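S.K.: Have a look at the structure that comes next, please.
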There are 2 protein chains.
Amino acid sequence: MAEIYPSRRVRKTPFSAGVEAAGVKAYTVYNHMLLPVCFDSVEADCAHLKQHVQIWDVSCERQVEIRGPDALRLMKMISPRDMDRMAADQCYYVPAVDHNGGMLNDPVSIKLADDHYWLSVADGDLWQYVLGLAIAHGMDVEIGEPDVSPLAVQGPKADDLMARVFGDVVREIRFFRYKRLPFEGRDLVVARSGWSKQGGFEIYVEGTEYGMPLWDALFAAGEDLGVRAGCPNNIERIESGLLSFGSDMRRENTPYECGLGRFCNSPEDFIGKVALADQARNGPPRQIRPLVIDGEIGPCTGSWPLLAGSKQVGQVASAVYSPEFGVNVAIGMVDRAHWDAGSVLEVDTEHGMHRAVVQDRFWR
Amino acid sequence: MAEIYPSRRVRKTPFSAGVEAAGVKAYTVYNHMLLPVCFDSVEADCAHLKQHVQIWDVSCERQVEIRGPDALRLMKMISPRDMDRMAADQCYYVPAVDHNGGMLNDPVSIKLADDHYWLSVADGDLWQYVLGLAIAHGMDVEIGEPDVSPLAVQGPKADDLMARVFGDVVREIRFFRYKRLPFEGRDLVVARSGWSKQGGFEIYVEGTEYGMPLWDALFAAGEDLGVRAGCPNNIERIESGLLSFGSDMRRENTPYECGLGRFCNSPEDFIGKVALADQARNGPPRQIRPLVIDGEIGPCTGSWPLLAGSKQVGQVASAVYSPEFGVNVAIGMVDRAHWDAGSVLEVDTEHGMHRAVVQDRFWR
């Protein structure tokens, strides 16, 4: 593979010094920022994540800050989810859609105050959409990207490590809830969340200057826990059915197609509600499914057509060999007529045709 | 440097097979797409570009398509430039700004019909901003990203090469104008434009399936012209004063600060007009300037503060050694009190402090 070329436009993070010192082997770019994707090998990173605890630089989960008297009104416009049910300390997964019901992003929203929200976004400048709406409606809100860089602590020993740095109070944080906890005199949002199913937290590091001190504090506290630098792991996240916006789902997909229908319960006239009404009643024409692909497959770097005979009935955008489960695990978008568990299809991997079987559930 | 990790989210282009076969050494990511940045070395790529002709995969210059009865109305909202003066075959550089006059992008607009525009965007999802405006105003337009991938042909022999593939009619295309010319039965937009000052064209390749055939046709026709694969060159573009959105200018800058005031002549109430009124009259408080930096500098991968004594008076975001001019050429944003040619400053390059002198003009 080719190297990645640095510039101011492809931003470093508050933790880049730590990431580089830890020997990062590969990056991707996400929200105009470097995101590590491999330290040892993707397989070794995965095995370690499942046993110990890792520190992930996920600064690229940038925050869209919405602040001002019209903040809630604007949130209700972009959220298919009922914002009035959101608790003050809750992290709310919000699949934002356009007027046709097409996915624009799938951020996690955090309510800091009644007039102050963050949207922790997947790859894409959702702030531009929000800004366009706010300007056109003459709303009294500021839309910006604050100096906030999430640092994830993931793995079965995450609670123990976090307790050493933030105190035992972290153990009380419930799933997708947060507390404000002090670090070096600054209260940081600490949420039980993260892009793995190995347990853990995301610390919303407010202020670049707290980045490396926190990184160093976590590594110092966790030496005997086997702590090391890690990153979102492509094997673990496919096994876990964690969807990647831009790969598994895009603007041409509705939340129902992505299996996110349960997050579309807003009583408000949110943008896209009318367009989604039919799928809300009758279900989508295609949907995300786990699949097992037979044989030896190459890396999935694009979109692989799923075929039933000669007819395309979907595609796979994520696939990798899982050492734990001993099969190739994959995420596909499959047409209704072929999406039942056990359905046997073929997938055109560009390195050859392979048998693919729809599964009844993801692996965890 | 670390490698770049491929996925569907970081898209390949219609020319990726050619780029890989040509031995690309490094990529960046731009508009969620791979952009080659080096083939031989940045110095050797630069020297070749100035003598011969290169084919550049700039597919990442994605098109924001605005189509429908309200297209012109929407264009007038986002453009500080007078859209009524735009000729039918013109490429119009449009610095799009927000309600505070802050730069959102600096696309080149192409008018395909009175109700049909493309915006060829720099790095950033400007379509989300445009979509937000269109939805909020209930406009009758479709906003999308068509299957259009620009391929640039740059260098002093570009006219000769292009004439062999598209005919001598290409020689008649004026600067920042375009013609629709056939290739394998499909009319493609061919513009005299591109991100170098070595002359050349950009072909807006409509339809992925035309990508490799056109790539191959250009290479086959140009063997005796020394044609090779290239890419936007960081040395040549700094010498030429071509600004990179996201590096040299960002949302915190106005078009006047970027030296783009001459493009702000719209009589319409475009978004940001009121906020820009003061700078339109009195000039900006800081502005883009060419600088020469003394000594041996490392790669500029972030933002280097410019200092007058102990006071920060700007920053440099692009700097590189120019073999042709024998100096370190740089682009900085400099406060008014220090922006005159000959002004001597210091630049904190993180590899050490260096003397920096403001120049009266870029190198070409």
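Residue numbering restarts at 1 in every chain; chains get A, B, ... in the order shown in the structure tokens, and ligands count up from 1 in that same order.
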Please report as CSV every residue of chain B lying within 8 Å of chain A, along with the nearest atom pair and their distance in Å (one decimal), using only C-alpha atoms.
M.R.:
```
residue,atom,partner,partner_atom,distance
B:Met1,CA,A:Glu3,CA,6.4
B:Ala2,CA,A:Ala26,CA,4.9
B:Glu3,CA,A:Glu3,CA,4.1
B:Ile4,CA,A:Tyr27,CA,5.1
B:Tyr5,CA,A:Thr28,CA,5.4
B:Pro6,CA,A:Thr301,CA,5.5
B:Ser7,CA,A:Thr301,CA,4.2
B:Arg8,CA,A:Gly302,CA,4.2
B:Arg9,CA,A:Gly246,CA,4.6
B:Val10,CA,A:Val29,CA,7.8
B:Arg11,CA,A:Gly302,CA,7.3
B:Lys12,CA,A:Gly302,CA,7.7
B:Val24,CA,A:Ala2,CA,6.8
B:Lys25,CA,A:Ala2,CA,5.1
B:Ala26,CA,A:Glu3,CA,4.4
B:Tyr27,CA,A:Ile4,CA,5.1
B:Thr28,CA,A:Tyr5,CA,5.4
B:Val29,CA,A:Val29,CA,6.3
B:Val37,CA,A:Tyr5,CA,7.1
B:His99,CA,A:Ile135,CA,7.0
B:Gly124,CA,A:Asp125,CA,6.8
B:Asp125,CA,A:Asp125,CA,5.5
B:Leu126,CA,A:Gln128,CA,6.7
B:Trp127,CA,A:Tyr129,CA,7.9
B:Gln128,CA,A:Tyr129,CA,4.3
B:Tyr129,CA,A:Gln128,CA,4.3
B:Val130,CA,A:Gly132,CA,6.6
B:Leu131,CA,A:Tyr129,CA,6.5
B:Gly132,CA,A:Gly132,CA,4.3
B:Leu133,CA,A:Gly132,CA,4.6
B:Ile135,CA,A:His99,CA,7.0
B:Ala136,CA,A:Leu133,CA,5.6
B:His137,CA,A:Ala136,CA,6.5
B:Phe245,CA,A:Arg9,CA,7.6
B:Gly246,CA,A:Arg9,CA,4.6
B:Ser247,CA,A:Arg9,CA,4.8
B:Cys300,CA,A:Ser7,CA,6.9
B:Thr301,CA,A:Ser7,CA,4.2
B:Gly302,CA,A:Arg8,CA,4.2
B:Ser303,CA,A:Arg8,CA,6.4
B:Ala317,CA,A:Arg8,CA,6.4
```
S.K.: Lay chain B over chain A using all C-alpha atoms, matched one to one in order, with a least-squares fit; then write it out as a tab-separated table (two decimals) with C-alpha atoms, in the first residue's frame.
M.R.:
```tsv
chain	number	residue	atom	x	y	z
B	1	MET	CA	-0.01	0.00	0.00
B	2	ALA	CA	1.02	3.60	-0.55
B	3	GLU	CA	1.89	5.95	2.28
B	4	ILE	CA	-0.28	8.75	3.57
B	5	TYR	CA	0.96	12.28	3.00
B	6	PRO	CA	0.55	14.74	5.86
B	7	SER	CA	-0.68	18.34	5.61
B	8	ARG	CA	-2.52	20.87	7.77
B	9	ARG	CA	-5.74	19.89	5.98
B	10	VAL	CA	-5.42	16.28	7.16
B	11	ARG	CA	-5.22	17.16	10.78
B	12	LYS	CA	-3.16	15.60	13.52
B	13	THR	CA	-4.82	15.13	16.91
B	14	PRO	CA	-4.01	16.04	20.52
B	15	PHE	CA	-2.78	12.42	20.90
B	16	SER	CA	-0.70	12.17	17.71
B	17	ALA	CA	2.59	12.24	19.61
B	18	GLY	CA	1.46	9.21	21.62
B	19	VAL	CA	0.09	7.40	18.59
B	20	GLU	CA	3.33	7.87	16.66
B	21	ALA	CA	5.45	6.83	19.63
B	22	ALA	CA	3.32	3.69	19.96
B	23	GLY	CA	4.30	2.72	16.41
B	24	VAL	CA	1.11	3.20	14.42
B	25	LYS	CA	1.39	1.23	11.17
B	26	ALA	CA	-1.54	2.56	9.15
B	27	TYR	CA	-3.99	5.42	9.15
B	28	THR	CA	-7.20	6.29	7.47
B	29	VAL	CA	-8.60	9.83	7.20
B	30	TYR	CA	-11.89	10.59	8.90
B	31	ASN	CA	-13.44	14.02	9.20
B	32	HIS	CA	-10.28	15.60	7.78
B	33	MET	CA	-8.26	14.01	10.56
B	34	LEU	CA	-5.88	11.08	11.03
B	35	LEU	CA	-7.45	7.92	12.46
B	36	PRO	CA	-5.08	5.04	13.32
B	37	VAL	CA	-6.28	1.69	11.96
B	38	CYS	CA	-3.45	-0.69	12.83
B	39	PHE	CA	-0.64	-0.96	15.40
B	40	ASP	CA	0.60	-4.56	15.36
B	41	SER	CA	-1.61	-6.45	12.90
B	42	VAL	CA	-5.39	-6.18	12.68
B	43	GLU	CA	-5.58	-9.79	14.01
B	44	ALA	CA	-3.19	-9.19	16.92
B	45	ASP	CA	-4.84	-5.85	17.74
B	46	CYS	CA	-8.19	-7.68	17.85
B	47	ALA	CA	-7.00	-10.48	20.12
B	48	HIS	CA	-5.47	-7.97	22.55
B	49	LEU	CA	-8.62	-5.83	22.59
B	50	LYS	CA	-10.69	-8.84	23.64
B	51	GLN	CA	-8.40	-9.69	26.57
B	52	HIS	CA	-7.00	-6.48	27.96
B	53	VAL	CA	-7.58	-2.74	27.53
B	54	GLN	CA	-6.67	-0.33	24.77
B	55	ILE	CA	-6.47	3.45	24.40
B	56	TRP	CA	-7.92	4.66	21.10
B	57	ASP	CA	-7.32	8.05	19.52
B	58	VAL	CA	-10.76	8.69	18.05
B	59	SER	CA	-10.36	12.46	17.93
B	60	CYS	CA	-11.79	12.23	14.42
B	61	GLU	CA	-15.22	11.76	15.98
B	62	ARG	CA	-15.56	15.53	15.76
B	63	GLN	CA	-18.31	17.34	17.63
B	64	VAL	CA	-20.88	19.47	15.87
B	65	GLU	CA	-21.74	21.99	18.53
B	66	ILE	CA	-25.26	23.47	18.47
B	67	ARG	CA	-25.67	26.19	21.04
B	68	GLY	CA	-28.29	28.85	21.58
B	69	PRO	CA	-31.99	29.41	22.27
B	70	ASP	CA	-33.04	27.52	19.09
B	71	ALA	CA	-30.78	24.48	19.72
B	72	LEU	CA	-33.57	22.08	20.67
B	73	ARG	CA	-35.78	23.27	17.81
B	74	LEU	CA	-32.93	22.56	15.38
B	75	MET	CA	-32.21	19.17	16.97
B	76	LYS	CA	-35.86	18.20	16.55
B	77	MET	CA	-35.66	19.12	12.88
B	78	ILE	CA	-32.73	16.83	12.16
B	79	SER	CA	-33.52	13.99	14.56
B	80	PRO	CA	-35.96	11.16	13.73
B	81	ARG	CA	-35.65	10.27	17.42
B	82	ASP	CA	-37.86	11.77	20.10
B	83	MET	CA	-35.59	14.38	21.67
B	84	ASP	CA	-38.02	15.06	24.53
B	85	ARG	CA	-37.30	11.60	25.94
B	86	MET	CA	-33.57	12.25	26.14
B	87	ALA	CA	-32.28	12.26	29.71
B	88	ALA	CA	-29.87	14.99	30.78
B	89	ASP	CA	-26.94	12.54	31.05
B	90	GLN	CA	-27.80	10.45	28.01
B	91	CYS	CA	-25.88	9.73	24.79
B	92	TYR	CA	-28.47	9.52	22.07
B	93	TYR	CA	-27.82	7.70	18.80
B	94	VAL	CA	-29.47	9.84	16.11
B	95	PRO	CA	-29.58	8.70	12.46
B	96	ALA	CA	-29.85	12.08	10.69
B	97	VAL	CA	-31.67	11.93	7.35
B	98	ASP	CA	-32.41	14.26	4.44
B	99	HIS	CA	-35.85	15.15	3.00
B	100	ASN	CA	-35.93	11.83	1.13
B	101	GLY	CA	-35.15	9.86	4.29
B	102	GLY	CA	-31.59	9.18	3.11
B	103	MET	CA	-28.92	8.80	5.80
B	104	LEU	CA	-26.67	11.85	6.17
B	105	ASN	CA	-24.77	10.63	9.22
B	106	ASP	CA	-25.31	8.58	12.38
B	107	PRO	CA	-23.98	10.73	15.21
B	108	VAL	CA	-24.21	10.20	18.93
B	109	SER	CA	-25.80	13.26	20.48
B	110	ILE	CA	-24.93	14.55	23.93
B	111	LYS	CA	-27.03	17.10	25.77
B	112	LEU	CA	-24.79	19.42	27.76
B	113	ALA	CA	-27.63	21.79	28.61
B	114	ASP	CA	-31.11	22.52	27.32
B	115	ASP	CA	-29.63	24.95	24.80
B	116	HIS	CA	-26.36	23.13	24.14
B	117	TYR	CA	-25.80	19.89	22.22
B	118	TRP	CA	-22.90	18.04	20.71
B	119	LEU	CA	-23.27	15.64	17.80
B	120	SER	CA	-20.34	13.22	17.73
B	121	VAL	CA	-20.30	12.53	14.01
B	122	ALA	CA	-19.28	9.74	11.70
B	123	ASP	CA	-17.23	10.68	8.62
B	124	GLY	CA	-18.94	13.62	6.91
B	125	ASP	CA	-19.38	17.35	7.39
B	126	LEU	CA	-22.83	17.19	8.98
B	127	TRP	CA	-22.17	20.64	10.46
B	128	GLN	CA	-22.56	22.07	6.97
B	129	TYR	CA	-26.08	20.63	6.71
B	130	VAL	CA	-27.00	21.88	10.16
B	131	LEU	CA	-25.50	25.30	9.37
B	132	GLY	CA	-27.49	25.56	6.13
B	133	LEU	CA	-30.72	24.80	7.98
B	134	ALA	CA	-29.94	27.24	10.79
B	135	ILE	CA	-29.05	30.10	8.42
B	136	ALA	CA	-32.05	29.55	6.17
B	137	HIS	CA	-34.44	29.48	9.13
B	138	GLY	CA	-32.77	32.48	10.75
B	139	MET	CA	-32.26	30.50	13.93
B	140	ASP	CA	-30.61	31.87	17.03
B	141	VAL	CA	-27.86	29.24	17.32
B	142	GLU	CA	-24.13	28.98	16.84
B	143	ILE	CA	-22.85	25.99	14.86
B	144	GLY	CA	-19.21	25.14	15.33
B	145	GLU	CA	-16.58	22.50	15.92
B	146	PRO	CA	-15.21	22.91	19.45
B	147	ASP	CA	-11.76	21.78	20.59
B	148	VAL	CA	-13.07	18.39	21.76
B	149	SER	CA	-11.29	15.14	20.91
B	150	PRO	CA	-12.70	11.83	22.11
B	151	LEU	CA	-10.30	9.28	23.54
B	152	ALA	CA	-11.73	5.77	23.88
B	153	VAL	CA	-10.73	3.25	26.53
B	154	GLN	CA	-11.95	-0.14	25.32
B	155	GLY	CA	-11.65	-3.74	26.45
B	156	PRO	CA	-12.66	-5.95	29.39
B	157	LYS	CA	-10.23	-4.19	31.75
B	158	ALA	CA	-11.48	-0.70	30.82
B	159	ASP	CA	-13.43	-0.24	34.08
B	160	ASP	CA	-10.39	-1.09	36.19
B	161	LEU	CA	-8.11	1.24	34.28
B	162	MET	CA	-10.57	4.12	34.23
B	163	ALA	CA	-11.26	3.74	37.96
B	164	ARG	CA	-7.55	4.25	38.66
B	165	VAL	CA	-7.55	7.58	36.80
B	166	PHE	CA	-11.07	8.93	37.41
B	167	GLY	CA	-12.08	7.04	40.57
B	168	ASP	CA	-14.56	4.25	41.22
B	169	VAL	CA	-17.40	6.53	40.21
B	170	VAL	CA	-16.79	5.46	36.58
B	171	ARG	CA	-18.20	2.02	37.44
B	172	GLU	CA	-21.58	3.63	38.06
B	173	ILE	CA	-21.84	5.12	34.58
B	174	ARG	CA	-24.55	3.21	32.71
B	175	PHE	CA	-24.41	2.29	29.03
B	176	PHE	CA	-24.76	5.36	26.80
B	177	ARG	CA	-24.84	7.66	29.81
B	178	TYR	CA	-22.18	10.10	30.88
B	179	LYS	CA	-20.77	11.87	33.91
B	180	ARG	CA	-18.58	14.96	34.11
B	181	LEU	CA	-15.41	13.90	35.90
B	182	PRO	CA	-12.38	16.01	36.75
B	183	PHE	CA	-8.94	15.48	35.23
B	184	GLU	CA	-6.20	17.92	36.18
B	185	GLY	CA	-8.84	20.40	37.29
B	186	ARG	CA	-11.00	20.20	34.18
B	187	ASP	CA	-14.40	18.46	34.12
B	188	LEU	CA	-14.52	16.12	31.13
B	189	VAL	CA	-17.53	14.27	29.72
B	190	VAL	CA	-16.91	10.56	30.34
B	191	ALA	CA	-19.44	8.27	28.64
B	192	ARG	CA	-19.85	4.50	28.68
B	193	SER	CA	-19.73	4.05	24.93
B	194	GLY	CA	-17.32	3.25	22.11
B	195	TRP	CA	-17.09	1.46	18.78
B	196	SER	CA	-16.52	-2.05	20.12
B	197	LYS	CA	-18.55	-4.55	22.12
B	198	GLN	CA	-15.70	-5.23	24.55
B	199	GLY	CA	-16.93	-2.62	27.00
B	200	GLY	CA	-15.41	0.71	27.81
B	201	PHE	CA	-15.63	4.45	27.76
B	202	GLU	CA	-15.18	7.51	25.63
B	203	ILE	CA	-13.63	10.58	27.22
B	204	TYR	CA	-14.52	13.81	25.44
B	205	VAL	CA	-11.24	15.65	25.94
B	206	GLU	CA	-12.09	19.35	25.95
B	207	GLY	CA	-8.89	21.28	25.31
B	208	THR	CA	-5.97	20.01	23.22
B	209	GLU	CA	-3.62	20.73	26.12
B	210	TYR	CA	-5.22	17.93	28.19
B	211	GLY	CA	-4.61	15.35	25.44
B	212	MET	CA	-1.12	13.99	26.08
B	213	PRO	CA	-1.34	14.35	29.88
B	214	LEU	CA	-4.46	12.14	29.86
B	215	TRP	CA	-2.88	9.70	27.37
B	216	ASP	CA	0.19	9.42	29.60
B	217	ALA	CA	-1.87	9.09	32.78
B	218	LEU	CA	-3.86	6.18	31.35
B	219	PHE	CA	-0.74	4.36	30.17
B	220	ALA	CA	1.04	4.93	33.48
B	221	ALA	CA	-1.93	3.61	35.45
B	222	GLY	CA	-2.47	0.55	33.28
B	223	GLU	CA	0.94	-1.04	32.88
B	224	ASP	CA	0.00	-4.17	34.83
B	225	LEU	CA	-3.33	-4.37	32.95
B	226	GLY	CA	-1.55	-4.82	29.62
B	227	VAL	CA	-2.73	-1.45	28.34
B	228	ARG	CA	-1.61	-0.54	24.84
B	229	ALA	CA	-2.52	1.80	21.99
B	230	GLY	CA	-5.30	0.51	19.78
B	231	CYS	CA	-7.94	1.69	17.38
B	232	PRO	CA	-11.35	0.70	16.05
B	233	ASN	CA	-10.76	-2.87	14.91
B	234	ASN	CA	-12.23	-4.04	11.63
B	235	ILE	CA	-12.60	-7.66	12.76
B	236	GLU	CA	-14.21	-6.96	16.11
B	237	ARG	CA	-16.59	-4.37	14.75
B	238	ILE	CA	-17.86	-6.62	11.93
B	239	GLU	CA	-18.33	-9.53	14.38
B	240	SER	CA	-20.25	-7.07	16.59
B	241	GLY	CA	-22.41	-5.68	13.77
B	242	LEU	CA	-21.20	-2.11	14.24
B	243	LEU	CA	-21.95	-0.30	10.98
B	244	SER	CA	-19.54	2.12	9.33
B	245	PHE	CA	-21.21	5.15	7.80
B	246	GLY	CA	-19.86	5.63	4.28
B	247	SER	CA	-19.16	1.92	3.88
B	248	ASP	CA	-22.13	-0.14	5.10
B	249	MET	CA	-24.67	2.67	4.83
B	250	ARG	CA	-24.81	5.83	2.78
B	251	ARG	CA	-27.13	8.59	1.63
B	252	GLU	CA	-28.99	6.14	-0.65
B	253	ASN	CA	-30.07	4.15	2.44
B	254	THR	CA	-32.83	4.88	4.93
B	255	PRO	CA	-32.52	4.20	8.68
B	256	TYR	CA	-34.96	1.28	8.21
B	257	GLU	CA	-32.63	-0.27	5.66
B	258	CYS	CA	-29.81	0.11	8.17
B	259	GLY	CA	-31.81	-1.63	10.89
B	260	LEU	CA	-32.16	1.63	12.79
B	261	GLY	CA	-35.95	1.89	12.62
B	262	ARG	CA	-36.24	1.77	16.41
B	263	PHE	CA	-34.53	5.17	16.55
B	264	CYS	CA	-37.25	6.77	14.40
B	265	ASN	CA	-39.91	7.56	17.00
B	266	SER	CA	-40.15	11.34	16.98
B	267	PRO	CA	-43.65	12.83	17.12
B	268	GLU	CA	-42.25	16.03	15.57
B	269	ASP	CA	-42.24	16.92	11.87
B	270	PHE	CA	-38.57	16.10	11.46
B	271	ILE	CA	-37.04	16.37	8.00
B	272	GLY	CA	-37.65	13.15	6.07
B	273	LYS	CA	-40.61	11.99	8.16
B	274	VAL	CA	-43.07	12.00	5.27
B	275	ALA	CA	-40.63	10.19	2.99
B	276	LEU	CA	-40.05	7.51	5.63
B	277	ALA	CA	-43.74	6.93	6.39
B	278	ASP	CA	-44.11	4.04	3.97
B	279	GLN	CA	-41.06	2.17	5.29
B	280	ALA	CA	-42.19	2.88	8.86
B	281	ARG	CA	-45.43	1.00	8.09
B	282	ASN	CA	-44.32	-1.67	5.62
B	283	GLY	CA	-40.62	-2.13	6.26
B	284	PRO	CA	-37.76	-1.41	3.89
B	285	PRO	CA	-37.10	-3.13	0.53
B	286	ARG	CA	-33.58	-4.12	1.63
B	287	GLN	CA	-31.74	-4.30	4.93
B	288	ILE	CA	-28.41	-4.84	6.64
B	289	ARG	CA	-27.61	-8.50	7.25
B	290	PRO	CA	-24.69	-10.49	8.65
B	291	LEU	CA	-23.24	-12.97	6.19
B	292	VAL	CA	-20.64	-15.70	6.19
B	293	ILE	CA	-18.52	-15.86	3.04
B	294	ASP	CA	-16.82	-19.12	2.12
B	295	GLY	CA	-13.24	-19.62	0.99
B	296	GLU	CA	-10.24	-17.34	1.06
B	297	ILE	CA	-11.17	-13.72	0.40
B	298	GLY	CA	-8.97	-10.71	-0.27
B	299	PRO	CA	-9.39	-7.36	1.48
B	300	CYS	CA	-12.77	-5.71	0.94
B	301	THR	CA	-11.87	-2.17	-0.12
B	302	GLY	CA	-14.93	-1.37	-2.19
B	303	SER	CA	-18.38	-2.80	-2.68
B	304	TRP	CA	-18.89	-6.46	-3.64
B	305	PRO	CA	-22.13	-7.28	-5.48
B	306	LEU	CA	-24.33	-10.00	-3.96
B	307	LEU	CA	-25.89	-12.23	-6.62
B	308	ALA	CA	-28.80	-14.64	-6.76
B	309	GLY	CA	-28.15	-16.41	-10.05
B	310	SER	CA	-27.30	-13.58	-12.42
B	311	LYS	CA	-29.36	-10.96	-10.58
B	312	GLN	CA	-27.80	-8.48	-8.15
B	313	VAL	CA	-29.70	-8.56	-4.87
B	314	GLY	CA	-27.44	-6.45	-2.67
B	315	GLN	CA	-23.83	-5.81	-1.83
B	316	VAL	CA	-21.18	-6.39	0.81
B	317	ALA	CA	-19.03	-3.46	1.95
B	318	SER	CA	-17.28	-5.00	4.98
B	319	ALA	CA	-15.76	-8.49	5.15
B	320	VAL	CA	-12.81	-10.00	6.95
B	321	TYR	CA	-11.61	-13.32	8.34
B	322	SER	CA	-12.45	-13.78	12.01
B	323	PRO	CA	-9.87	-15.85	13.88
B	324	GLU	CA	-12.26	-16.24	16.84
B	325	PHE	CA	-15.17	-17.62	14.82
B	326	GLY	CA	-13.13	-19.29	12.09
B	327	VAL	CA	-15.17	-17.85	9.23
B	328	ASN	CA	-15.22	-14.79	7.01
B	329	VAL	CA	-17.65	-12.41	8.72
B	330	ALA	CA	-19.37	-9.82	6.54
B	331	ILE	CA	-21.94	-7.04	6.56
B	332	GLY	CA	-24.21	-6.75	3.54
B	333	MET	CA	-27.27	-4.85	2.35
B	334	VAL	CA	-29.67	-7.53	1.07
B	335	ASP	CA	-32.95	-7.30	-0.84
B	336	ARG	CA	-36.04	-8.44	1.04
B	337	ALA	CA	-36.62	-11.54	-1.11
B	338	HIS	CA	-33.20	-12.87	-0.12
B	339	TRP	CA	-32.58	-11.56	3.39
B	340	ASP	CA	-33.89	-14.50	5.43
B	341	ALA	CA	-31.33	-16.39	7.51
B	342	GLY	CA	-29.99	-19.33	5.56
B	343	SER	CA	-30.45	-17.63	2.19
B	344	VAL	CA	-27.59	-18.74	-0.05
B	345	LEU	CA	-26.11	-16.14	-2.40
B	346	GLU	CA	-22.91	-15.53	-4.32
B	347	VAL	CA	-20.60	-12.60	-3.77
B	348	ASP	CA	-18.39	-11.17	-6.52
B	349	THR	CA	-15.23	-10.29	-4.61
B	350	GLU	CA	-13.20	-9.20	-7.68
B	351	HIS	CA	-10.70	-11.85	-6.59
B	352	GLY	CA	-13.33	-14.43	-7.50
B	353	MET	CA	-16.90	-15.57	-6.81
B	354	HIS	CA	-17.65	-16.97	-3.36
B	355	ARG	CA	-20.64	-18.53	-1.64
B	356	ALA	CA	-22.30	-16.24	0.93
B	357	VAL	CA	-24.94	-17.28	3.46
B	358	VAL	CA	-27.19	-14.86	5.35
B	359	GLN	CA	-26.96	-15.32	9.14
B	360	ASP	CA	-29.69	-14.83	11.72
B	361	ARG	CA	-27.56	-12.60	13.94
B	362	PHE	CA	-24.16	-10.95	14.29
B	363	TRP	CA	-21.55	-12.75	16.34
B	364	ARG	CA	-22.03	-10.74	19.53
```
S.K.: Taking only segment 62-173 of chain B into account, list the residues labelled alpha helix (DSSP H) by DSSP (computed from the backbone), as a PyMOL selection string.
M.R.: chain B and resi 71-78+126-136+158-166
S.K.: If you keep C-alpha atoms, can you produce a file of those selected residues as a PDB file, in the first residue's frame?
M.R.:
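Everything below was put into out-v6.pdb:
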```pdb
ATOM      1  CA  ALA B  71     -30.899  26.324  -9.203  1.00  0.00           C
ATOM      2  CA  LEU B  72     -29.917  29.895 -10.075  1.00  0.00           C
ATOM      3  CA  ARG B  73     -31.721  31.293  -7.027  1.00  0.00           C
ATOM      4  CA  LEU B  74     -29.747  28.897  -4.822  1.00  0.00           C
ATOM      5  CA  MET B  75     -26.471  29.706  -6.589  1.00  0.00           C
ATOM      6  CA  LYS B  76     -27.058  33.412  -5.979  1.00  0.00           C
ATOM      7  CA  MET B  77     -27.577  32.691  -2.297  1.00  0.00           C
ATOM      8  CA  ILE B  78     -24.249  30.939  -1.864  1.00  0.00           C
ATOM      9  CA  LEU B 126     -20.312  21.652   0.688  1.00  0.00           C
ATOM     10  CA  TRP B 127     -23.281  19.689  -0.684  1.00  0.00           C
ATOM     11  CA  GLN B 128     -24.517  19.311   2.884  1.00  0.00           C
ATOM     12  CA  TYR B 129     -24.633  23.101   3.309  1.00  0.00           C
ATOM     13  CA  VAL B 130     -26.365  23.564  -0.024  1.00  0.00           C
ATOM     14  CA  LEU B 131     -28.812  20.759   0.809  1.00  0.00           C
ATOM     15  CA  GLY B 132     -29.655  22.327   4.185  1.00  0.00           C
ATOM     16  CA  LEU B 133     -30.402  25.658   2.513  1.00  0.00           C
ATOM     17  CA  ALA B 134     -32.491  24.050  -0.234  1.00  0.00           C
ATOM     18  CA  ILE B 135     -34.576  21.967   2.190  1.00  0.00           C
ATOM     19  CA  ALA B 136     -35.159  24.831   4.603  1.00  0.00           C
ATOM     20  CA  ALA B 158      -0.806  19.596 -22.570  1.00  0.00           C
ATOM     21  CA  ASP B 159      -2.230  21.310 -25.676  1.00  0.00           C
ATOM     22  CA  ASP B 160      -0.347  18.981 -28.002  1.00  0.00           C
ATOM     23  CA  LEU B 161      -1.413  15.865 -26.153  1.00  0.00           C
ATOM     24  CA  MET B 162      -5.039  16.921 -25.825  1.00  0.00           C
ATOM     25  CA  ALA B 163      -5.217  17.852 -29.516  1.00  0.00           C
ATOM     26  CA  ARG B 164      -4.205  14.299 -30.429  1.00  0.00           C
ATOM     27  CA  VAL B 165      -7.116  12.849 -28.431  1.00  0.00           C
ATOM     28  CA  PHE B 166      -9.827  15.520 -28.754  1.00  0.00           C
TER      29      PHE B 166
END
```
S.K.: Using DSSP secondary structure from the backbone, list all strand (DSSP E or B) positions within segment 178-300 of chain A, as a ChimeraX atom specification.
M.R.: /A:178-183,186-192,200-206,228-230,245,249,286-293
